[in-house]
>>> print(open('structure-v2.cif').read())   # mmCIF, C-alpha atoms
data_protein
loop_
_atom_site.label_atom_id
_atom_site.label_comp_id
_atom_site.auth_asym_id
_atom_site.auth_seq_id
_atom_site.Cartn_x
_atom_site.Cartn_y
_atom_site.Cartn_z
CA MET A 51 30.86 85.10 122.76
CA ARG A 52 32.42 85.58 119.41
CA ILE A 53 31.03 85.09 115.94
CA GLU A 54 32.55 81.90 114.57
CA ASP A 55 30.51 81.73 111.39
CA LYS A 56 28.01 84.02 109.69
CA THR A 57 26.15 83.45 106.44
CA ASP A 58 22.80 84.66 105.13
CA THR A 59 21.05 81.70 106.73
CA THR A 60 23.19 80.85 109.78
CA LEU A 61 24.88 82.57 112.69
CA THR A 62 27.21 80.66 115.02
CA LEU A 63 28.29 82.21 118.30
CA VAL A 64 30.97 80.45 120.36
CA ASP A 65 32.26 81.14 123.84
CA ASP A 66 35.15 79.06 125.13
CA GLN A 67 36.00 81.37 128.05
CA LYS A 68 39.26 82.68 126.62
CA ASP A 69 39.07 85.64 129.03
CA LYS A 70 39.11 83.27 132.02
CA LYS A 71 42.03 81.32 130.57
CA LEU A 72 43.97 84.53 129.93
CA GLY A 73 43.28 85.78 133.45
CA LEU A 74 44.40 82.54 135.05
CA THR A 75 47.50 82.39 132.85
CA LEU A 76 48.50 85.95 133.74
CA ALA A 77 47.86 85.30 137.44
CA GLY A 78 49.96 82.11 137.26
CA VAL A 79 52.83 83.95 135.56
CA PHE A 80 52.64 86.70 138.20
CA VAL A 81 52.67 84.16 141.06
CA ALA A 82 55.57 82.24 139.47
CA GLY A 83 57.55 85.42 138.87
CA THR A 84 56.95 86.67 142.41
CA CYS A 85 57.93 83.32 143.93
CA LEU A 86 61.09 83.10 141.84
CA PHE A 87 62.05 86.66 142.77
CA MET A 88 61.42 85.95 146.46
CA ALA A 89 63.49 82.76 146.24
CA TRP A 90 66.28 84.72 144.54
CA GLU A 91 66.19 87.17 147.44
CA GLY A 92 66.57 84.34 149.93
CA PHE A 93 62.97 83.47 150.80
CA ALA A 94 62.82 80.00 149.28
CA GLU A 95 59.92 79.01 151.56
CA VAL A 96 57.48 80.80 149.21
CA LEU A 97 58.19 78.34 146.38
CA LEU A 98 55.99 75.54 147.76
CA PRO A 99 52.90 77.77 148.38
CA GLY A 100 53.46 79.31 144.94
CA VAL A 101 53.54 75.93 143.23
CA LEU A 102 50.43 74.86 145.16
CA LEU A 103 48.60 78.04 144.15
CA ILE A 104 49.51 77.57 140.48
CA ALA A 105 48.39 73.92 140.68
CA ALA A 106 45.10 75.02 142.27
CA MET A 107 44.54 77.50 139.42
CA ALA A 108 45.20 74.76 136.86
CA VAL A 109 42.76 72.41 138.58
CA TYR A 110 40.16 75.20 138.76
CA TRP A 111 40.56 75.84 135.01
CA LYS A 112 40.17 72.16 134.16
CA ARG A 113 37.11 71.70 136.38
CA SER A 114 35.30 74.92 135.45
CA LYS A 115 35.99 75.33 131.74
CA MET A 116 32.97 75.40 129.45
CA ARG A 117 32.31 75.84 125.78
CA SER A 118 29.02 77.21 124.48
CA VAL A 119 28.00 77.01 120.83
CA LEU A 120 24.82 78.82 119.82
CA VAL A 121 23.67 78.24 116.24
CA PHE A 122 20.85 80.21 114.59
CA ASP A 123 19.64 78.52 111.40
CA ARG A 124 17.01 80.22 109.24
CA ALA A 125 16.67 77.35 106.79
CA ALA A 126 15.87 74.84 109.53
CA ASP A 127 13.95 77.42 111.65
CA ARG A 128 15.90 76.50 114.76
CA VAL A 129 18.22 77.80 117.43
CA HIS A 130 20.51 75.17 118.87
CA LEU A 131 22.59 75.68 122.04
CA THR A 132 25.26 73.17 123.04
CA VAL A 133 27.14 73.58 126.33
CA THR A 134 30.09 71.31 126.97
CA ASP A 135 31.69 71.16 130.40
CA ARG A 136 33.36 68.55 132.61
CA LYS A 137 30.05 66.69 132.96
CA GLY A 138 29.63 66.29 129.21
CA ALA A 139 27.47 68.05 126.65
CA GLU A 140 23.96 69.39 127.13
CA GLU A 141 21.80 70.57 124.26
CA TRP A 142 18.72 72.79 123.94
CA GLU A 143 16.71 73.70 120.90
CA TRP A 144 14.06 76.33 120.04
CA ARG A 145 12.33 77.40 116.87
CA LEU A 146 13.95 80.51 115.37
CA SER A 147 10.50 81.84 114.54
CA ASP A 148 9.77 81.83 118.31
CA VAL A 149 12.72 84.14 119.06
CA GLU A 150 11.49 87.71 119.39
CA THR A 151 14.76 89.47 120.26
CA ALA A 152 17.91 89.34 122.38
CA VAL A 153 18.53 91.48 125.45
CA ILE A 154 21.01 92.05 128.25
CA GLY A 155 19.50 91.15 131.58
CA THR A 156 20.54 90.89 135.20
CA VAL A 157 17.92 88.43 136.38
CA GLY A 158 19.49 85.59 138.33
CA ALA A 159 18.56 81.93 138.58
CA HIS A 160 15.89 82.58 141.22
CA GLY A 161 14.20 85.45 139.40
CA THR A 162 15.94 88.16 141.43
CA ASP A 163 18.23 90.88 140.12
CA SER A 164 21.77 89.52 140.35
CA GLY A 165 23.41 92.72 139.10
CA ILE A 166 25.51 90.64 136.71
CA ASP A 167 24.91 91.06 132.99
CA ARG A 168 23.80 88.07 130.96
CA PRO A 169 22.70 87.91 127.35
CA SER A 170 19.30 86.29 126.89
CA LEU A 171 16.97 85.43 124.05
CA VAL A 172 13.39 86.62 124.50
CA LEU A 173 10.88 84.19 123.05
CA ALA A 174 7.49 85.20 121.64
CA ASP A 175 5.72 83.96 124.80
CA GLY A 176 7.89 86.26 126.97
CA THR A 177 10.24 83.55 128.22
CA TYR A 178 13.84 84.62 128.77
CA VAL A 179 16.39 82.00 127.70
CA PRO A 180 20.03 82.56 128.78
CA MET A 181 22.40 82.45 125.82
CA ARG A 182 25.06 80.96 128.09
CA PRO A 183 24.73 79.22 131.44
CA TYR A 184 27.26 81.42 133.26
CA HIS A 185 27.92 85.10 133.81
CA ALA A 186 30.06 87.12 131.45
CA ALA A 187 31.50 90.55 130.99
CA GLY A 188 29.09 93.23 129.83
CA SER A 189 30.87 94.06 126.59
CA GLN A 190 30.93 90.42 125.56
CA SER A 191 27.24 90.21 126.40
CA TRP A 192 26.44 93.28 124.34
CA HIS A 193 28.35 91.98 121.33
CA ALA A 194 26.42 88.70 121.47
CA VAL A 195 23.10 90.53 121.76
CA ALA A 196 24.01 92.90 118.91
CA ALA A 197 24.96 89.97 116.66
CA VAL A 198 21.63 88.21 117.32
CA LYS A 199 19.59 91.40 116.81
CA LEU A 200 21.32 92.13 113.52
CA PHE A 201 20.86 88.52 112.38
CA LEU A 202 17.13 88.83 113.17
CA GLY A 203 17.00 92.05 111.14
CA GLN A 204 16.40 94.32 114.13
CA LYS A 205 17.82 97.79 114.69
CA LEU A 206 20.24 98.49 117.53
CA GLU A 207 18.45 101.61 118.75
CA ASP A 208 18.33 100.38 122.34
CA ALA A 209 22.10 99.92 122.61
CA PRO A 210 23.41 101.12 125.96
CA VAL A 211 25.59 104.20 125.48
CA GLY A 212 29.19 103.23 126.14
CA TRP A 213 27.93 100.13 127.96
CA LEU A 214 29.09 100.95 131.48
CA PRO A 215 28.59 98.34 134.20
CA PRO A 216 27.08 99.65 137.47
CA GLU A 217 30.48 99.75 139.23
CA GLU A 218 31.92 101.98 136.51
CA PHE A 219 28.82 104.17 136.54
CA ASP A 220 29.28 104.73 140.27
CA ARG A 221 33.00 105.42 139.84
CA TYR A 222 32.64 107.85 136.91
CA PHE A 223 29.38 109.53 137.87
CA GLY A 224 29.47 109.32 141.68
CA GLU A 225 30.05 113.07 142.16
CA GLU A 226 27.17 114.02 139.87
CA MET A 227 24.86 111.58 141.64
CA ALA A 228 25.84 113.01 145.04
CA ARG A 229 25.28 116.57 143.80
CA LEU A 230 21.95 115.83 142.13
CA TYR A 231 20.47 113.73 144.92
CA LYS A 232 21.38 115.57 148.12
CA LYS A 233 19.30 114.73 151.18
#
>>> encode(input="structure-v2.cif", output="structure tokens")
Amino acid sequence: MRIEDKTDTTLTLVDDQKDKKLGLTLAGVFVAGTCLFMAWEGFAEVLLPGVLLIAAMAVYWKRSKMRSVLVFDRAADRVHLTVTDRKGAEEWEWRLSDVETAVIGTVGAHGTDSGIDRPSLVLADGTYVPMRPYHAAGSQSWHAVAAVKLFLGQKLEDAPVGWLPPEEFDRYFGEEMARLYKK
């Protein structure tokens, strides 16, 4: 999510999945380049599978693209979330005064730990409300949480240091973990 608009009374966070679009575009360019190179080298039979793969990526992008707009409005005492996807637009609304804080969580749809970071709003009654209906990269999640916390006037003392996802933690600190926790 990125900050689209910020004033004293409003904060607008938008996520239109530019990272997914960039990834699919780069993958499509790589597939096209590889297929053209292979055809140049005399293996023209790879052109058809390459074109089909690029078409499949384009269809996937069209069918899975979403846009989330999260608006915090102090004057109206409301938080408004609009998610637009291929099925249309869905909207949710909460009172801003009911929002206690924002956190990064890994709780999945069924209440179990999914291991995938998601930014959530924590309401005064303890309810966790996902800020977006799909998973996202940790750094994007942290930036969204930091923006909400700062808008609510809260300190960022609980910011994760360096914000490493579990895979990176294992990769960078695997030796220390093995040394510290020998059987």
>>> closest_residue(input="structure-v2.cif", among="A:Ala106, A:Leu63, A:Leu202, A:Ile53", to="Val119 in chain A", atoms="only C-alpha atoms")
A:Leu63
>>> residues_around(input="structure-v2.cif", residues="Ser147 in chain A", least_positions_apart="4", cutoff="12 Å", atoms="all atoms listed in the file", output="MDAnalysis selection string")
chainID A and resid 122:129 151 172:175 202
>>> residues_near_point(input="structure-v2.cif", point="(35.7, 65.6, 128.6)", cutoff="12 Å", atoms="only C-alpha atoms", output="list in words")
Lys112, Arg113, Ser114, Lys115, Met116, Arg117, Val133, Thr134, Asp135, Arg136, Lys137, Gly138 and Ala139 of chain A
>>> atom_distance(input="structure-v2.cif", atom1="CA of Thr132 in chain A", atom2="CA of Asp65 in chain A")
10.6 Å
>>> atom_distance(input="structure-v2.cif", atom1="CA of Leu200 in chain A", atom2="CA of Pro180 in chain A")
18.1 Å
>>> closest_residue(input="structure-v2.cif", among="A:Trp192, A:Leu120, A:Cys85, A:Met107", to="Thr62 in chain A", atoms="all atoms listed in the file")
A:Leu120
>>> closest_residue(input="structure-v2.cif", among="A:Val195, A:Leu97, A:Ala105, A:Met51", to="Val64 in chain A", atoms="only C-alpha atoms")
A:Met51
>>> atom_distance(input="structure-v2.cif", atom1="CA of Thr84 in chain A", atom2="CA of Gly100 in chain A")
8.5 Å
>>> residues_around(input="structure-v2.cif", residues="Ala108 in chain A", least_positions_apart="4", cutoff="9 Å", atoms="only C-alpha atoms", output="VMD selection string")
chain A and resid 74 to 75 78 103 to 104 112 to 113
>>> closest_residue(input="structure-v2.cif", among="A:Ala197, A:Val79, A:Leu146, A:Val96", to="Pro169 in chain A", atoms="only C-alpha atoms")
A:Ala197
>>> resolve_selection(input="structure-v2.cif", expression="the PyMOL selection byres ((chain A and resi 170) around 7)", output="number ranges by chain")
A: 152-155, 168-169, 171-172, 178-181
>>> residues_around(input="structure-v2.cif", residues="Met88 in chain A", least_positions_apart="5", cutoff="12 Å", atoms="only C-alpha atoms", output="list in words")
Val81, Ala82, Gly83, Phe93, Ala94, Glu95, Val96, Leu97, Leu98, Pro99 and Gly100 of chain A
>>> closest_residue(input="structure-v2.cif", among="A:His193, A:Lys56, A:Lys70, A:Lys199", to="Glu150 in chain A", atoms="only C-alpha atoms")
A:Lys199
>>> axis_aligned_box(input="structure-v2.cif", around="range 127-141 of chain A", padding_each_side="4 Å", output="AutoDock Vina command-line options")
--center_x 23.7 --center_y 72.0 --center_z 122.3 --size_x 27.4 --size_y 19.5 --size_z 29.3
>>> build_atoms(input="structure-v2.cif", residues="range 119-149 of chain A", atoms="N, CA and C atoms", output="compact mmCIF listing (two decimals), keeping the file's coordinate frame")
# COMPACT_ATOMS: atom_id res chain seq x y z
N VAL A 119 28.16 76.78 122.27
CA VAL A 119 28.00 77.01 120.83
C VAL A 119 26.51 77.24 120.59
N LEU A 120 26.20 78.43 120.08
CA LEU A 120 24.82 78.82 119.82
C LEU A 120 24.67 79.03 118.32
N VAL A 121 23.84 78.21 117.69
CA VAL A 121 23.67 78.24 116.24
C VAL A 121 22.25 78.66 115.90
N PHE A 122 22.14 79.74 115.12
CA PHE A 122 20.85 80.21 114.59
C PHE A 122 20.81 79.77 113.13
N ASP A 123 19.75 79.05 112.75
CA ASP A 123 19.64 78.52 111.40
C ASP A 123 18.27 78.87 110.83
N ARG A 124 18.28 79.80 109.87
CA ARG A 124 17.01 80.22 109.24
C ARG A 124 16.38 79.10 108.43
N ALA A 125 17.19 78.40 107.68
CA ALA A 125 16.67 77.35 106.79
C ALA A 125 15.95 76.25 107.57
N ALA A 126 16.48 75.89 108.72
CA ALA A 126 15.87 74.84 109.53
C ALA A 126 14.91 75.40 110.58
N ASP A 127 14.80 76.74 110.66
CA ASP A 127 13.95 77.42 111.65
C ASP A 127 14.25 76.90 113.06
N ARG A 128 15.54 76.97 113.42
CA ARG A 128 15.90 76.50 114.76
C ARG A 128 17.06 77.29 115.33
N VAL A 129 17.10 77.28 116.66
CA VAL A 129 18.22 77.80 117.43
C VAL A 129 18.70 76.63 118.27
N HIS A 130 19.97 76.34 118.17
CA HIS A 130 20.51 75.17 118.87
C HIS A 130 21.66 75.63 119.77
N LEU A 131 21.55 75.34 121.06
CA LEU A 131 22.59 75.68 122.04
C LEU A 131 23.20 74.40 122.58
N THR A 132 24.52 74.31 122.49
CA THR A 132 25.26 73.17 123.04
C THR A 132 26.26 73.72 124.05
N VAL A 133 26.20 73.19 125.27
CA VAL A 133 27.14 73.58 126.33
C VAL A 133 27.91 72.34 126.74
N THR A 134 29.22 72.42 126.60
CA THR A 134 30.09 71.31 126.97
C THR A 134 30.92 71.72 128.17
N ASP A 135 30.86 70.92 129.22
CA ASP A 135 31.69 71.16 130.40
C ASP A 135 32.22 69.82 130.89
N ARG A 136 32.74 69.79 132.10
CA ARG A 136 33.36 68.55 132.61
C ARG A 136 32.37 67.41 132.75
N LYS A 137 31.08 67.72 132.81
CA LYS A 137 30.05 66.69 132.96
C LYS A 137 29.61 66.12 131.62
N GLY A 138 30.06 66.73 130.53
CA GLY A 138 29.63 66.29 129.21
C GLY A 138 28.94 67.41 128.47
N ALA A 139 28.16 67.05 127.47
CA ALA A 139 27.47 68.05 126.65
C ALA A 139 25.97 68.02 126.94
N GLU A 140 25.41 69.23 127.02
CA GLU A 140 23.96 69.39 127.13
C GLU A 140 23.51 70.19 125.93
N GLU A 141 22.30 69.89 125.44
CA GLU A 141 21.80 70.57 124.26
C GLU A 141 20.38 71.04 124.49
N TRP A 142 20.07 72.23 123.92
CA TRP A 142 18.72 72.79 123.94
C TRP A 142 18.40 73.27 122.54
N GLU A 143 17.12 73.27 122.23
CA GLU A 143 16.71 73.70 120.90
C GLU A 143 15.39 74.45 120.96
N TRP A 144 15.28 75.54 120.16
CA TRP A 144 14.06 76.33 120.04
C TRP A 144 13.83 76.61 118.56
N ARG A 145 12.62 76.97 118.24
CA ARG A 145 12.33 77.40 116.87
C ARG A 145 12.80 78.84 116.71
N LEU A 146 13.48 79.14 115.63
CA LEU A 146 13.95 80.51 115.37
C LEU A 146 12.77 81.47 115.25
N SER A 147 11.67 80.99 114.70
CA SER A 147 10.50 81.84 114.54
C SER A 147 9.89 82.22 115.90
N ASP A 148 10.24 81.50 116.97
CA ASP A 148 9.77 81.83 118.31
C ASP A 148 10.65 82.86 119.01
N VAL A 149 11.82 83.17 118.44
CA VAL A 149 12.72 84.14 119.06
C VAL A 149 12.29 85.54 118.65
